2 protein chains.
Amino acid sequence: MVVDCLEYSNPSRERFVEWREGGVGCVHVTVAVWETARETLSVLGRWNDLFAENGDLVALATSAQDIRDIVASGRTAVMFGFQNTAPFEDDIRLVRVFHDLGVRIVQLTYNTQNSIAAGCWEDDDAGLSTHVGRQFVRELNEVGMLIDLSHCSERTCLDTIAESSVPVAVTHANPLEFVGSEVELGRRPKSSEVLEQLTARGGVVGLSPYVRMLKNGIRTTEQEFVDMISWTVDRFGVEHVAMGTDFYTGYGVEAVKWWRMGRWGRESPVPIDESAPVVEWPAWFQSPTAFPTLMDSMRRAGFTDHDLGLVMGGNWLRLFDEIFDRPSA
Amino acid sequence: MVVDCLEYSNPSRERFVEWREGGVGCVHVTVAVWETARETLSVLGRWNDLFAENGDLVALATSAQDIRDIVASGRTAVMFGFQNTAPFEDDIRLVRVFHDLGVRIVQLTYNTQNSIAAGCWEDDDAGLSTHVGRQFVRELNEVGMLIDLSHCSERTCLDTIAESSVPVAVTHANPLEFVGSEVELGRRPKSSEVLEQLTARGGVVGLSPYVRMLKNGIRTTEQEFVDMISWTVDRFGVEHVAMGTDFYTGYGVEAVKWWRMGRWGRESPVPIDESAPVVEWPAWFQSPTAFPTLMDSMRRAGFTDHDLGLVMGGNWLRLFDEIFDRPSA
């Protein structure tokens, strides 16, 4: 079963059909990045409508067992996640409220700093904050939500891995040592120190064919992507490497501005070329329908069925079992 | 004219009568610390009622000229301020919206870190944040709001003083070099480096008889407080030292919990003794009615009428003229 542990497409039946065609059993979708609590409720409301209208294709999962059941019914499981803690609005009790609404994965911050943590775009990186950050990590642990460090800073990653009582995730980022810091979004890939600490404590990293995080950008071949998977598996262990494509489509430039600067900026820290396409994907990964071909390439590269199962979904399921299905949560 | 550039009492007619008795011409009052935008609107609504019910004693000021006019009418001018940027909810355009509602003084953060800046309670101090912080400082400058650094970290102070195109304030904090870091709230006093940079660029620091920031705590005498004023004037210049008492009264322990941890914490970083009084003030400063006696002591200590006028209110008025009444604002 393929588990893609981050996609952020504008949701529609077209996307859900692609998931079925690609044999995708579970997708972690982003329901908030800069949205307030109230705005996030409306996003969840929209998803409720989508589930009602597309019940033949998708259903909400809030546990690993849900995912297995939904896949057994021939559909794709959708797991809700935040790419920022903005919807909590600095209210620690909203962690459980959004858990009650089905949200299971929470990135501490998105690129910039907030009350909880520093993001990867900060020049001065104070990591997890002394009081708010540490109390929120504890709360997320206790409530049973998976902490995501993808857009967080180096120190936030290291601090959180050390602070969390359970394994954490990098749902969508590539290894810095492999791709180099010259990729377009050079602050996003994760250092080997972070990946070593993360995986040593049971965490999982999801790899992405997002061209702005690939060594050769849009020219990266499928073989080079498979090479990155193999390299990461060899370096950090086959039980800790998985998929998090960061795939998105269906947006105009306004969405890109929203992600880049929410409402906090009048100028985007990363230049936005309004004449260029919002996003481009490699020829061999135009959508999640490409997973079966990718898996064939991985088999040819020597991946056994067992290892392919872990990387394509088994590792995420193991982590979800551990985080979401604990008796205390 | 006395300008007290921070009080945070639970507002009531009793307080307004004290202001008149103490000859207080203007008070910068706190209308938000952890409040959301919506909650802050209700606080402003409550103040509208207070102004309507106590129009013989108080009126809202949004400029230095307003203050002069209100004082000329025999009343006390109230100036609205935030002790945190929480009400902006990371929306840069809310800066001007709250300016439209009369808010004129904005502290970047309250003790802890937020998206804009680090507070004085953070162990790791990244200062003003790279993107959000710098864009908000520029916006506050352009809209014409005075930036307050009282509860901010050392680096936030230094970064903001350097970044701001106009002078900034420490509305309520004592000099670290004079009081020492052994005071109860040892992270609140300001270093001499901060005060040197602040005052070199035209900023003003407001001194406070809050016992948790005084060298000898509750036992501090009025003479020792006057000594601190004299020391600060000698060290940083009489045009840059003023009053910001931090006076508050009329609250129970729930208010203290709110200030200490808003909604972000389940544990207060600073222990709260629920059996002790919420706050105690020195015998010689039981309320703002004590200003005339304090001024007599300052005269005896050698303050000329000119210098007394600057320290007691003239310096704040000069800064308010510069920040609030600029043509561009």
# chains A, B, ... in the order shown; residues from 1 in each chain; ligands from 1

$ residues_around --residues "region 105-109 of chain B" --least-positions-apart "6" --cutoff "10 Å" --atoms "only C-alpha atoms" --output "ChimeraX atom specification"
/A:115 /B:5,28-30,32-34,62,79-86,95,99,115-120,128,133,136-137,140,144-153,156-157,160,168-171,320,323-324

$ write_last_selection --atoms "N, CA and C atoms" --output "CSV table (one decimal), in the first residue's frame"
chain,number,residue,atom,x,y,z
A,115,SER,N,5.4,31.3,18.0
A,115,SER,CA,5.6,31.2,19.4
A,115,SER,C,6.2,29.9,19.9
B,5,CYS,N,3.7,56.1,31.6
B,5,CYS,CA,3.7,55.4,30.3
B,5,CYS,C,3.5,53.9,30.4
B,28,HIS,N,-0.7,55.6,29.8
B,28,HIS,CA,-0.7,54.6,28.7
B,28,HIS,C,-1.2,53.3,29.4
B,29,VAL,N,-2.4,52.9,29.0
B,29,VAL,CA,-3.1,51.7,29.6
B,29,VAL,C,-2.9,50.5,28.6
B,30,THR,N,-2.9,49.4,29.2
B,30,THR,CA,-2.8,48.1,28.4
B,30,THR,C,-4.2,47.6,28.0
B,32,ALA,N,-4.4,44.9,25.7
B,32,ALA,CA,-4.3,43.5,25.3
B,32,ALA,C,-2.9,43.0,25.7
B,33,VAL,N,-2.9,41.7,26.0
B,33,VAL,CA,-1.6,41.0,26.2
B,33,VAL,C,-1.6,39.7,25.5
B,34,TRP,N,-2.6,38.9,25.7
B,34,TRP,CA,-2.7,37.6,25.0
B,34,TRP,C,-4.1,37.6,24.2
B,62,THR,N,-5.0,60.2,21.1
B,62,THR,CA,-4.3,59.5,20.1
B,62,THR,C,-3.1,60.3,19.5
B,79,MET,N,-4.1,56.7,26.8
B,79,MET,CA,-3.5,56.2,25.6
B,79,MET,C,-3.5,54.7,25.5
B,80,PHE,N,-4.1,54.1,24.5
B,80,PHE,CA,-4.2,52.7,24.4
B,80,PHE,C,-2.9,52.1,23.9
B,81,GLY,N,-2.5,51.0,24.5
B,81,GLY,CA,-1.3,50.2,24.1
B,81,GLY,C,-1.5,48.7,24.2
B,82,PHE,N,-0.8,48.0,23.4
B,82,PHE,CA,-0.7,46.5,23.5
B,82,PHE,C,0.6,46.1,24.2
B,83,GLN,N,0.5,45.1,25.1
B,83,GLN,CA,1.7,44.6,25.6
B,83,GLN,C,2.2,43.4,24.8
B,84,ASN,N,1.6,43.1,23.7
B,84,ASN,CA,1.9,42.0,22.9
B,84,ASN,C,1.3,42.2,21.5
B,85,THR,N,1.9,41.6,20.5
B,85,THR,CA,1.3,41.7,19.1
B,85,THR,C,0.2,40.7,18.9
B,86,ALA,N,-0.2,40.0,19.9
B,86,ALA,CA,-1.2,38.9,19.7
B,86,ALA,C,-2.5,39.4,19.0
B,95,VAL,N,-2.4,46.1,11.8
B,95,VAL,CA,-1.6,47.2,12.4
B,95,VAL,C,-2.4,48.5,12.2
B,99,HIS,N,-4.6,50.9,14.7
B,99,HIS,CA,-4.3,52.3,14.8
B,99,HIS,C,-5.6,53.2,14.5
B,115,SER,N,5.9,35.2,16.5
B,115,SER,CA,6.4,35.2,15.2
B,115,SER,C,7.3,36.4,14.9
B,116,ILE,N,7.1,37.4,15.7
B,116,ILE,CA,7.8,38.7,15.4
B,116,ILE,C,9.2,38.8,16.2
B,117,ALA,N,9.2,38.3,17.4
B,117,ALA,CA,10.4,38.6,18.2
B,117,ALA,C,10.5,37.6,19.4
B,118,ALA,N,11.6,37.6,20.0
B,118,ALA,CA,11.9,36.9,21.2
B,118,ALA,C,11.6,37.7,22.4
B,119,GLY,N,11.0,37.1,23.5
B,119,GLY,CA,10.8,37.8,24.7
B,119,GLY,C,11.9,37.5,25.8
B,120,CYS,N,11.8,38.2,26.9
B,120,CYS,CA,12.9,38.2,27.9
B,120,CYS,C,13.0,36.8,28.6
B,128,LEU,N,14.7,39.9,16.8
B,128,LEU,CA,13.7,40.2,15.9
B,128,LEU,C,13.7,39.1,14.8
B,133,GLY,N,9.2,39.7,11.7
B,133,GLY,CA,9.6,40.8,12.6
B,133,GLY,C,10.0,42.0,11.9
B,136,PHE,N,6.9,43.7,10.2
B,136,PHE,CA,6.1,44.4,11.2
B,136,PHE,C,6.7,45.7,11.7
B,137,VAL,N,8.0,45.7,12.0
B,137,VAL,CA,8.6,46.9,12.5
B,137,VAL,C,8.4,48.0,11.4
B,140,LEU,N,4.8,49.2,11.6
B,140,LEU,CA,4.5,50.0,12.8
B,140,LEU,C,5.1,51.4,12.6
B,144,GLY,N,2.7,54.7,12.2
B,144,GLY,CA,2.9,55.7,13.2
B,144,GLY,C,2.5,55.2,14.6
B,145,MET,N,3.0,54.0,15.0
B,145,MET,CA,2.7,53.5,16.3
B,145,MET,C,4.1,53.4,17.0
B,146,LEU,N,4.1,53.6,18.3
B,146,LEU,CA,5.4,53.6,19.0
B,146,LEU,C,5.7,52.2,19.4
B,147,ILE,N,6.9,51.7,19.1
B,147,ILE,CA,7.3,50.3,19.5
B,147,ILE,C,7.8,50.3,20.9
B,148,ASP,N,7.3,49.4,21.7
B,148,ASP,CA,7.7,49.2,23.1
B,148,ASP,C,8.5,47.9,23.2
B,149,LEU,N,9.6,48.0,23.9
B,149,LEU,CA,10.5,46.8,24.0
B,149,LEU,C,10.6,46.2,25.5
B,150,SER,N,9.6,46.7,26.3
B,150,SER,CA,9.8,46.4,27.8
B,150,SER,C,10.0,44.9,28.1
B,151,HIS,N,9.1,44.0,27.6
B,151,HIS,CA,9.2,42.6,27.9
B,151,HIS,C,10.0,41.8,26.9
B,152,CYS,N,10.7,42.5,26.0
B,152,CYS,CA,11.4,41.8,24.9
B,152,CYS,C,12.8,41.4,25.4
B,153,SER,N,13.4,40.5,24.6
B,153,SER,CA,14.7,40.0,24.9
B,153,SER,C,15.8,41.0,24.6
B,156,THR,N,16.2,41.2,20.8
B,156,THR,CA,15.1,41.9,20.2
B,156,THR,C,15.2,43.4,20.4
B,157,CYS,N,15.6,43.8,21.6
B,157,CYS,CA,15.8,45.2,21.8
B,157,CYS,C,16.8,45.8,20.8
B,160,THR,N,15.7,45.7,17.1
B,160,THR,CA,14.6,46.6,16.8
B,160,THR,C,15.0,48.1,16.8
B,168,VAL,N,12.4,54.3,19.5
B,168,VAL,CA,11.5,53.3,20.1
B,168,VAL,C,11.5,53.5,21.7
B,169,ALA,N,10.7,52.8,22.4
B,169,ALA,CA,10.5,53.0,23.8
B,169,ALA,C,10.7,51.7,24.6
B,170,VAL,N,11.2,51.9,25.8
B,170,VAL,CA,11.0,50.9,26.9
B,170,VAL,C,10.1,51.6,27.9
B,171,THR,N,8.8,51.2,27.8
B,171,THR,CA,7.8,52.0,28.6
B,171,THR,C,7.9,51.7,30.1
B,320,PHE,N,6.0,61.2,21.7
B,320,PHE,CA,4.7,61.0,21.1
B,320,PHE,C,4.5,62.0,19.9
B,323,ILE,N,6.4,60.5,17.0
B,323,ILE,CA,5.9,59.2,16.4
B,323,ILE,C,4.5,59.3,15.9
B,324,PHE,N,3.6,60.0,16.7
B,324,PHE,CA,2.2,59.9,16.3
B,324,PHE,C,1.8,61.1,15.4

$ select_by_dssp --residues "region 75-238 of chain B" --states "strand (DSSP E)" --output "PyMOL selection string"
chain B and resi 76-82+103-107+146-148+169-170+204-207

$ closest_atom_pairs --of "chain A" --to "chain B" --cutoff "9 Å" --atoms "only C-alpha atoms" --output "CSV"
residue,atom,partner,partner_atom,distance
A:Trp34,CA,B:Asp90,CA,8.8
A:Thr36,CA,B:Glu89,CA,8.5
A:Glu89,CA,B:Glu89,CA,8.0
A:Asp90,CA,B:Trp264,CA,5.1
A:Asp91,CA,B:Arg263,CA,4.6
A:Ile92,CA,B:Trp264,CA,4.8
A:Arg93,CA,B:Arg263,CA,7.6
A:Thr112,CA,B:His131,CA,7.2
A:Gln113,CA,B:Ser115,CA,4.9
A:Asn114,CA,B:Ser115,CA,3.8
A:Ser115,CA,B:Asn114,CA,3.7
A:Ile116,CA,B:Asn114,CA,7.4
A:Ala117,CA,B:Gln113,CA,8.5
A:Ala118,CA,B:Ser115,CA,8.6
A:Trp121,CA,B:Thr130,CA,7.8
A:Glu122,CA,B:Thr130,CA,5.5
A:Asp123,CA,B:Thr130,CA,6.1
A:Asp124,CA,B:Ala126,CA,5.2
A:Asp125,CA,B:Ala126,CA,6.1
A:Ala126,CA,B:Asp124,CA,5.2
A:Gly127,CA,B:Asp124,CA,7.7
A:Leu128,CA,B:Asp124,CA,8.9
A:Ser129,CA,B:Gln113,CA,6.7
A:Thr130,CA,B:Glu122,CA,5.5
A:His131,CA,B:Pro269,CA,6.8
A:Val132,CA,B:Trp264,CA,6.1
A:Gln135,CA,B:Gly265,CA,6.3
A:Phe136,CA,B:Trp264,CA,7.7
A:Met261,CA,B:Val132,CA,8.5
A:Gly262,CA,B:Asp91,CA,7.9
A:Arg263,CA,B:Asp91,CA,4.6
A:Trp264,CA,B:Asp91,CA,4.8
A:Gly265,CA,B:Gln135,CA,6.3
A:Arg266,CA,B:Gln135,CA,7.3
A:Glu267,CA,B:Gln135,CA,8.0
A:Ser268,CA,B:His131,CA,8.7
A:Pro269,CA,B:His131,CA,6.8

$ write_last_selection --atoms "N, CA, C and O atoms" --output "short mmCIF file (atom, residue, chain, number, x, y, z; two decimals), in the first residue's frame"
data_model
loop_
_atom_site.label_atom_id
_atom_site.label_comp_id
_atom_site.auth_asym_id
_atom_site.auth_seq_id
_atom_site.Cartn_x
_atom_site.Cartn_y
_atom_site.Cartn_z
N TRP A 34 -1.60 28.90 7.26
CA TRP A 34 -1.70 30.16 8.01
C TRP A 34 -3.11 30.38 8.51
O TRP A 34 -3.41 31.42 9.12
N THR A 36 -6.51 30.59 10.54
CA THR A 36 -6.91 30.68 11.94
C THR A 36 -7.73 29.45 12.30
O THR A 36 -8.11 28.64 11.43
N GLU A 89 -3.80 28.98 17.48
CA GLU A 89 -3.89 30.37 17.97
C GLU A 89 -3.33 30.49 19.39
O GLU A 89 -3.90 31.21 20.24
N ASP A 90 -2.22 29.82 19.66
CA ASP A 90 -1.55 29.87 20.97
C ASP A 90 -2.44 29.41 22.12
O ASP A 90 -2.22 29.80 23.27
N ASP A 91 -3.43 28.59 21.82
CA ASP A 91 -4.28 28.02 22.87
C ASP A 91 -3.98 26.52 22.94
O ASP A 91 -4.37 25.74 22.05
N ILE A 92 -3.31 26.12 24.01
CA ILE A 92 -2.84 24.73 24.12
C ILE A 92 -4.01 23.76 24.13
O ILE A 92 -3.87 22.61 23.68
N ARG A 93 -5.17 24.20 24.57
CA ARG A 93 -6.33 23.30 24.62
C ARG A 93 -6.97 23.08 23.25
O ARG A 93 -7.78 22.16 23.09
N THR A 112 8.85 30.24 8.84
CA THR A 112 9.25 31.35 9.71
C THR A 112 9.10 30.94 11.18
O THR A 112 8.77 29.81 11.49
N GLN A 113 9.37 31.90 12.05
CA GLN A 113 9.28 31.64 13.49
C GLN A 113 7.86 31.91 13.98
O GLN A 113 7.20 32.82 13.50
N ASN A 114 7.43 31.12 14.95
CA ASN A 114 6.21 31.47 15.68
C ASN A 114 6.47 31.31 17.17
O ASN A 114 7.64 31.21 17.59
N SER A 115 5.42 31.31 17.96
CA SER A 115 5.61 31.24 19.42
C SER A 115 6.21 29.91 19.86
O SER A 115 6.80 29.82 20.93
N ILE A 116 6.09 28.89 19.01
CA ILE A 116 6.50 27.54 19.38
C ILE A 116 7.91 27.22 18.91
O ILE A 116 8.69 26.60 19.63
N ALA A 117 8.25 27.65 17.72
CA ALA A 117 9.51 27.17 17.13
C ALA A 117 9.99 28.07 16.00
O ALA A 117 9.24 28.88 15.45
N ALA A 118 11.25 27.88 15.65
CA ALA A 118 11.84 28.58 14.50
C ALA A 118 11.67 27.73 13.25
O ALA A 118 11.77 26.51 13.29
N TRP A 121 13.46 29.28 7.40
CA TRP A 121 13.84 30.53 6.75
C TRP A 121 14.44 31.55 7.70
O TRP A 121 14.81 32.65 7.26
N GLU A 122 14.48 31.26 8.98
CA GLU A 122 15.03 32.24 9.93
C GLU A 122 16.55 32.24 9.85
O GLU A 122 17.18 31.19 9.86
N ASP A 123 17.12 33.44 9.80
CA ASP A 123 18.59 33.53 9.84
C ASP A 123 19.12 33.21 11.23
O ASP A 123 20.21 32.68 11.37
N ASP A 124 18.35 33.58 12.26
CA ASP A 124 18.75 33.29 13.63
C ASP A 124 17.80 32.25 14.18
O ASP A 124 16.59 32.48 14.24
N ASP A 125 18.33 31.13 14.55
CA ASP A 125 17.54 29.93 14.82
C ASP A 125 17.61 29.59 16.30
O ASP A 125 18.60 29.05 16.77
N ALA A 126 16.54 29.93 17.02
CA ALA A 126 16.52 29.64 18.47
C ALA A 126 15.88 28.28 18.75
O ALA A 126 15.73 27.91 19.91
N GLY A 127 15.49 27.54 17.73
CA GLY A 127 14.94 26.21 17.96
C GLY A 127 13.56 26.24 18.58
O GLY A 127 12.79 27.18 18.39
N LEU A 128 13.27 25.18 19.32
CA LEU A 128 11.99 25.07 20.05
C LEU A 128 12.00 26.12 21.16
O LEU A 128 12.98 26.24 21.89
N SER A 129 10.91 26.87 21.32
CA SER A 129 10.95 27.94 22.32
C SER A 129 10.87 27.35 23.73
O SER A 129 10.33 26.27 23.96
N THR A 130 11.44 28.10 24.66
CA THR A 130 11.68 27.62 26.02
C THR A 130 10.41 27.18 26.73
O THR A 130 10.38 26.14 27.38
N HIS A 131 9.36 27.98 26.61
CA HIS A 131 8.15 27.70 27.40
C HIS A 131 7.01 27.21 26.51
O HIS A 131 6.52 26.10 26.67
N VAL A 132 6.60 28.03 25.55
CA VAL A 132 5.46 27.68 24.72
C VAL A 132 5.77 26.42 23.91
O VAL A 132 4.99 25.46 23.87
N GLN A 135 5.86 23.20 26.07
CA GLN A 135 4.54 22.78 26.56
C GLN A 135 3.69 22.23 25.40
O GLN A 135 2.93 21.27 25.60
N PHE A 136 3.81 22.80 24.22
CA PHE A 136 3.03 22.28 23.08
C PHE A 136 3.52 20.90 22.65
O PHE A 136 2.72 20.04 22.29
N MET A 261 3.70 33.98 2.43
CA MET A 261 3.69 35.07 3.42
C MET A 261 2.36 35.26 4.13
O MET A 261 2.19 36.26 4.84
N GLY A 262 1.49 34.27 4.06
CA GLY A 262 0.25 34.36 4.82
C GLY A 262 -0.31 35.76 4.74
O GLY A 262 -0.44 36.34 3.65
N ARG A 263 -0.64 36.30 5.91
CA ARG A 263 -1.05 37.72 5.97
C ARG A 263 0.02 38.56 6.66
O ARG A 263 -0.20 39.74 6.91
N TRP A 264 1.15 37.92 6.99
CA TRP A 264 2.13 38.65 7.81
C TRP A 264 3.05 39.53 6.99
O TRP A 264 3.78 40.35 7.54
N GLY A 265 3.03 39.34 5.65
CA GLY A 265 4.00 40.08 4.86
C GLY A 265 3.40 40.92 3.77
O GLY A 265 2.33 40.60 3.23
N ARG A 266 4.09 41.99 3.47
CA ARG A 266 3.77 42.76 2.28
C ARG A 266 4.73 42.40 1.16
O ARG A 266 4.48 42.68 0.00
N GLU A 267 5.84 41.76 1.53
CA GLU A 267 6.83 41.31 0.54
C GLU A 267 7.15 39.85 0.81
O GLU A 267 7.42 39.47 1.94
N SER A 268 7.18 39.06 -0.26
CA SER A 268 7.52 37.66 -0.10
C SER A 268 9.03 37.50 0.08
O SER A 268 9.81 38.04 -0.70
N PRO A 269 9.44 36.77 1.11
CA PRO A 269 10.88 36.53 1.30
C PRO A 269 11.50 35.75 0.15
O PRO A 269 12.68 35.89 -0.12
#

$ residues_around --residues "Asp4 (chain A)" --least-positions-apart "4" --cutoff "12 Å" --atoms "only C-alpha atoms" --output "PyMOL selection string"
chain A and resi 8+19+22-30+76-79+171-172+205-209+241-247+287-289+291+311-317

$ select_by_dssp --residues "region 41-77 of chain A" --states "helix (DSSP H, G or I)" --output "list in words"
Leu41, Ser42, Val43, Leu44, Gly45, Arg46, Trp47, Asn48, Asp49, Leu50, Phe51, Ala52, Glu53, Ala64, Gln65, Asp66, Ile67, Arg68, Asp69, Ile70, Val71 and Ala72 of chain A

$ write_last_selection --atoms "C-alpha atoms" --output "PDB file, in the first residue's frame"
ATOM      1  CA  LEU A  41     -13.085  24.778  10.626  1.00  0.00           C
ATOM      2  CA  SER A  42     -14.320  25.847   7.195  1.00  0.00           C
ATOM      3  CA  VAL A  43     -11.594  23.850   5.479  1.00  0.00           C
ATOM      4  CA  LEU A  44     -12.714  20.795   7.463  1.00  0.00           C
ATOM      5  CA  GLY A  45     -16.290  21.604   6.471  1.00  0.00           C
ATOM      6  CA  ARG A  46     -15.256  21.575   2.827  1.00  0.00           C
ATOM      7  CA  TRP A  47     -13.619  18.178   3.331  1.00  0.00           C
ATOM      8  CA  ASN A  48     -16.823  16.876   4.930  1.00  0.00           C
ATOM      9  CA  ASP A  49     -18.609  17.808   1.713  1.00  0.00           C
ATOM     10  CA  LEU A  50     -15.898  16.161  -0.386  1.00  0.00           C
ATOM     11  CA  PHE A  51     -16.191  12.942   1.629  1.00  0.00           C
ATOM     12  CA  ALA A  52     -19.985  12.983   1.207  1.00  0.00           C
ATOM     13  CA  GLU A  53     -19.741  13.584  -2.541  1.00  0.00           C
ATOM     14  CA  ALA A  64      -3.633   3.226  11.209  1.00  0.00           C
ATOM     15  CA  GLN A  65      -6.485   0.728  11.524  1.00  0.00           C
ATOM     16  CA  ASP A  66      -8.814   3.191   9.772  1.00  0.00           C
ATOM     17  CA  ILE A  67      -6.354   3.321   6.896  1.00  0.00           C
ATOM     18  CA  ARG A  68      -6.262  -0.465   6.617  1.00  0.00           C
ATOM     19  CA  ASP A  69     -10.076  -0.658   6.710  1.00  0.00           C
ATOM     20  CA  ILE A  70     -10.540   2.088   4.116  1.00  0.00           C
ATOM     21  CA  VAL A  71      -7.972   0.479   1.805  1.00  0.00           C
ATOM     22  CA  ALA A  72      -9.716  -2.890   2.260  1.00  0.00           C
TER      23      ALA A  72
END
